[in-house]
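Shown next: entry.txt, containing compact mmCIF, C-alpha atoms.
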```txt
# COMPACT_ATOMS: atom_id res chain seq x y z
CA MET A 235 50.00 -20.62 -97.60
CA GLU A 236 49.46 -23.52 -99.95
CA SER A 237 49.22 -23.13 -103.73
CA PHE A 238 45.49 -23.97 -103.77
CA GLU A 239 44.81 -21.28 -101.11
CA PHE A 240 46.69 -18.69 -103.15
CA ALA A 241 44.68 -19.59 -106.29
CA ALA A 242 41.41 -19.56 -104.32
CA LEU A 243 42.12 -16.08 -102.92
CA ARG A 244 42.98 -14.77 -106.40
CA LYS A 245 39.73 -16.17 -107.80
CA LYS A 246 37.75 -14.85 -104.83
CA MET A 247 39.18 -11.41 -105.60
CA GLY A 248 38.05 -11.78 -109.22
CA LYS A 249 41.56 -11.19 -110.57
CA THR A 250 43.50 -12.84 -113.36
CA GLN A 251 46.99 -14.15 -112.78
CA LYS A 252 48.33 -11.18 -114.73
CA GLN A 253 46.39 -8.70 -112.56
CA ILE A 254 47.69 -10.37 -109.38
CA SER A 255 51.25 -10.27 -110.69
CA GLN A 256 50.85 -6.52 -111.18
CA LEU A 257 49.34 -6.04 -107.70
CA LEU A 258 52.12 -8.04 -106.08
CA GLY A 259 54.85 -6.47 -108.20
CA THR A 260 56.09 -9.83 -109.44
CA SER A 261 56.20 -11.72 -112.71
CA LEU A 262 53.34 -13.63 -114.25
CA LYS A 263 55.65 -16.66 -114.26
CA ALA A 264 56.01 -16.37 -110.46
CA ILE A 265 52.21 -16.40 -110.06
CA HIS A 266 51.98 -19.49 -112.29
CA SER A 267 54.67 -21.13 -110.16
CA TYR A 268 52.90 -20.27 -106.89
CA GLU A 269 49.60 -21.68 -108.09
CA GLN A 270 51.15 -24.84 -109.53
CA GLY A 271 53.13 -25.45 -106.36
CA TRP A 272 56.46 -25.26 -108.18
CA ARG A 273 57.63 -22.36 -106.04
CA SER A 274 56.83 -21.64 -102.40
CA ILE A 275 54.82 -18.49 -101.79
CA PRO A 276 56.96 -15.89 -100.04
CA ALA A 277 55.63 -14.32 -96.85
CA HIS A 278 55.38 -10.87 -98.44
CA ALA A 279 53.17 -12.22 -101.25
CA GLU A 280 50.96 -14.10 -98.77
CA ARG A 281 50.56 -10.99 -96.60
CA GLN A 282 49.66 -8.85 -99.62
CA MET A 283 47.09 -11.39 -100.87
CA LEU A 284 45.48 -11.61 -97.44
CA PHE A 285 45.48 -7.82 -97.06
CA LEU A 286 43.83 -7.25 -100.44
CA THR A 287 41.24 -9.94 -99.73
CA ALA A 288 40.55 -8.43 -96.31
CA MET A 289 39.98 -5.02 -97.83
CA GLN A 290 37.42 -6.56 -100.20
CA ASN A 291 35.74 -8.37 -97.28
CA LYS A 292 35.83 -5.36 -94.96
CA SER A 293 32.04 -4.97 -94.87
CA LYS A 294 31.61 -8.64 -93.86
CA SER A 295 33.71 -8.26 -90.73
CA SER A 296 32.15 -7.46 -87.35
CA LYS A 297 34.85 -4.81 -86.87
CA LYS A 298 35.36 -6.00 -83.29
CA ALA A 299 38.92 -5.63 -82.13
CA CYS A 300 40.81 -8.88 -81.65
CA TRP A 301 41.51 -8.17 -77.98
CA THR A 302 37.75 -7.90 -77.38
CA THR A 303 36.93 -11.06 -79.33
CA LYS A 304 39.70 -13.05 -77.66
CA LYS A 305 39.26 -11.42 -74.25
CA CYS A 306 42.98 -10.66 -73.95
CA PRO A 307 44.34 -9.80 -70.53
CA ALA A 308 45.71 -6.27 -70.08
CA LYS A 309 49.31 -7.51 -69.92
CA TYR A 310 48.98 -8.92 -73.47
CA LYS A 311 47.14 -5.91 -74.88
CA THR A 312 49.56 -3.27 -73.65
CA ASN A 313 52.52 -5.12 -75.23
CA CYS A 314 50.78 -5.90 -78.50
CA PRO A 315 51.33 -3.83 -81.68
CA ALA A 316 47.73 -4.44 -82.78
CA TRP A 317 46.59 -2.65 -79.60
CA GLU A 318 49.23 0.06 -79.92
CA TYR A 319 48.27 0.87 -83.52
CA HIS A 320 44.49 0.43 -83.04
CA SER A 321 44.48 -2.38 -85.61
CA GLY A 322 42.49 -5.10 -83.92
CA GLU A 323 40.59 -5.95 -87.11
CA ILE A 324 43.80 -6.65 -89.05
CA CYS A 325 45.88 -8.12 -86.22
CA TRP A 326 46.77 -11.08 -88.45
CA PHE A 327 48.61 -8.64 -90.75
CA ILE A 328 50.89 -7.22 -88.05
CA ASN A 329 54.03 -9.03 -86.97
CA GLY A 330 54.83 -9.14 -83.27
CA THR A 331 51.28 -9.53 -81.96
CA ILE A 332 50.93 -11.18 -78.54
CA CYS A 333 48.05 -13.57 -79.24
CA ASP A 334 49.15 -16.50 -77.16
CA GLY A 335 51.38 -14.76 -74.63
CA SER A 336 54.43 -14.04 -76.75
CA ALA A 337 55.45 -12.71 -80.15
CA HIS A 338 56.07 -15.32 -82.82
CA LYS A 339 59.51 -15.99 -84.27
CA ASP A 340 58.43 -15.54 -87.89
CA TRP A 341 55.48 -15.10 -90.24
CA LYS A 342 54.88 -18.84 -90.62
CA ALA A 343 54.64 -19.39 -86.86
CA LYS A 344 52.34 -16.38 -86.53
CA MET A 345 50.01 -17.63 -89.26
CA GLU A 346 49.71 -21.04 -87.59
CA VAL A 347 48.10 -19.23 -84.65
CA CYS A 348 46.13 -16.73 -86.76
CA ARG A 349 44.49 -19.40 -88.95
CA LYS A 350 42.79 -20.79 -85.81
CA CYS A 351 41.68 -17.38 -84.54
CA PRO A 352 38.02 -16.30 -84.75
CA VAL A 353 39.05 -12.84 -86.03
CA TYR A 354 40.89 -14.39 -88.99
CA ILE A 355 38.21 -17.02 -89.65
CA GLU A 356 35.43 -14.43 -89.65
CA LEU A 357 37.24 -12.40 -92.29
CA PHE A 358 38.60 -15.17 -94.51
CA GLY A 359 36.31 -18.10 -93.73
CA ALA A 360 37.06 -21.53 -92.40
CA GLN A 361 38.53 -22.69 -95.73
CA ALA A 362 41.43 -20.24 -95.23
CA ALA A 363 42.09 -21.61 -91.75
```

Will you turn the file into structure tokens for me?
Amino acid sequence: MESFEFAALRKKMGKTQKQISQLLGTSLKAIHSYEQGWRSIPAHAERQMLFLTAMQNKSKSSKKACWTTKKCPAKYKTNCPAWEYHSGEICWFINGTICDGSAHKDWKAKMEVCRKCPVYIELFGAQAA
């Protein structure tokens, strides 16, 4: 996640930097640093920001499971944690999903795939892709 995306999500949520620091359990200085691009945004902070934004946008989502939207073959679904935990609307939040045939090595690699996915784009918009 880039600094401008972090700031845009915070503003979209209608939160001040201080409020976001409290929600993320970090310092106000860290939030300033994320938004200025002085410090890279850790994966746990990115996940939390996306999760909170998704919960705000919940009513905007079609609530279709990712495996339905993406027409996943059975062999992907049965090995995917999003399927196992009935979490097809928040598949982007769960590590180890099998979106392109295999689990991703880390959060950054996963998000590269998720940002192009129609499930993610529907929830966060094309600007977050």

Please list as an mmCIF file with C-alpha atoms, in the frame of the given file every residue within 12 Å of stretch 340-345 of chain A, counting all atoms listed in the file and excluding residues in the same chain fewer than 5 positions away.
```
data_model
loop_
_atom_site.group_PDB
_atom_site.id
_atom_site.type_symbol
_atom_site.label_atom_id
_atom_site.label_comp_id
_atom_site.auth_asym_id
_atom_site.auth_seq_id
_atom_site.Cartn_x
_atom_site.Cartn_y
_atom_site.Cartn_z
ATOM 1 C CA MET A 235 50.000 -20.620 -97.600
ATOM 2 C CA GLU A 236 49.460 -23.520 -99.950
ATOM 3 C CA ILE A 275 54.820 -18.490 -101.790
ATOM 4 C CA PRO A 276 56.960 -15.890 -100.040
ATOM 5 C CA ALA A 277 55.630 -14.320 -96.850
ATOM 6 C CA HIS A 278 55.380 -10.870 -98.440
ATOM 7 C CA ALA A 279 53.170 -12.220 -101.250
ATOM 8 C CA GLU A 280 50.960 -14.100 -98.770
ATOM 9 C CA ARG A 281 50.560 -10.990 -96.600
ATOM 10 C CA LEU A 284 45.480 -11.610 -97.440
ATOM 11 C CA CYS A 325 45.880 -8.120 -86.220
ATOM 12 C CA TRP A 326 46.770 -11.080 -88.450
ATOM 13 C CA PHE A 327 48.610 -8.640 -90.750
ATOM 14 C CA ILE A 328 50.890 -7.220 -88.050
ATOM 15 C CA ASN A 329 54.030 -9.030 -86.970
ATOM 16 C CA GLY A 330 54.830 -9.140 -83.270
ATOM 17 C CA THR A 331 51.280 -9.530 -81.960
ATOM 18 C CA ILE A 332 50.930 -11.180 -78.540
ATOM 19 C CA CYS A 333 48.050 -13.570 -79.240
ATOM 20 C CA ASP A 334 49.150 -16.500 -77.160
ATOM 21 C CA LYS A 350 42.790 -20.790 -85.810
ATOM 22 C CA CYS A 351 41.680 -17.380 -84.540
ATOM 23 C CA TYR A 354 40.890 -14.390 -88.990
ATOM 24 C CA ILE A 355 38.210 -17.020 -89.650
ATOM 25 C CA ALA A 362 41.430 -20.240 -95.230
ATOM 26 C CA ALA A 363 42.090 -21.610 -91.750
#
```

### Task
Rank nothing, just name the residue among A:Lys339, A:Lys298, A:Lys305, A:Lys311 nearest to A:Glu356, using all atoms listed in the file.
A:Lys298

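The nearest approach to A:Ala241 among the residues A:Tyr268, A:Trp317, A:Phe285, A:Tyr310, with all atoms listed in the file taken into account, belongs to A:Tyr268.
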
### Task
Would you mind telling me which residue in A:Ala337, A:Leu257, A:Ala299, A:Ala308 lies nearest to A:Ser321 when using only C-alpha atoms?
A:Ala299

### Interatomic distance (Å, one decimal) between atom CA of A:Lys304 and atom CA of A:Val353
8.4 Å

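Taking atom CA of A:Lys292 as the reference point, atom CA of A:Phe238 is found at 22.7 Å.
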
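Going from atom CA of A:Arg349 to atom CA of A:Met289 covers 17.5 Å.
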
### Message
List as a ChimeraX atom specification the protein and nucleic acid residues near A:Gln251, meaning an atom at most 7 Å away when all atoms listed in the file are counted, but skip any in the same chain fewer than 4 places from it.
### Response
/A:255,262,265

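Among the candidate residues A:Asn291, A:Ser274, A:Lys297, A:Ser261, the one lying nearest to A:Met247 is A:Asn291, with distances computed using only C-alpha atoms.
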
### Task
Determine, counting only C-alpha atoms, which protein, DNA and RNA residues have an atom within 12 Å of an atom of A:Lys249; residues of the same chain fewer than 5 positions away are not included. Present the result as a list of chain:residue names.
A:Phe240, A:Ala241, A:Ala242, A:Leu243, A:Arg244, A:Ile254, A:Ser255, A:Gln256, A:Leu257, A:Leu258, A:Ile265, A:Met283, A:Leu286, A:Thr287

### Message
What's around A:Ser237 at 7 Å? Count all atoms listed in the file, leave out sequence neighbours fewer than 6 positions away in its own chain, and write the answer as a ChimeraX atom specification.
### Response
/A:268-271

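The smallest atom-to-atom distance between A:Pro352 and any of A:Gln282, A:Thr250, A:Gln290, A:Thr303, using all atoms listed in the file, is found for A:Thr303.
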
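Remark: for A:Ile324, the closest of the candidate residues A:Gly248, A:Thr312, A:His266, A:Leu357 is A:Leu357 (distances computed over all atoms listed in the file).
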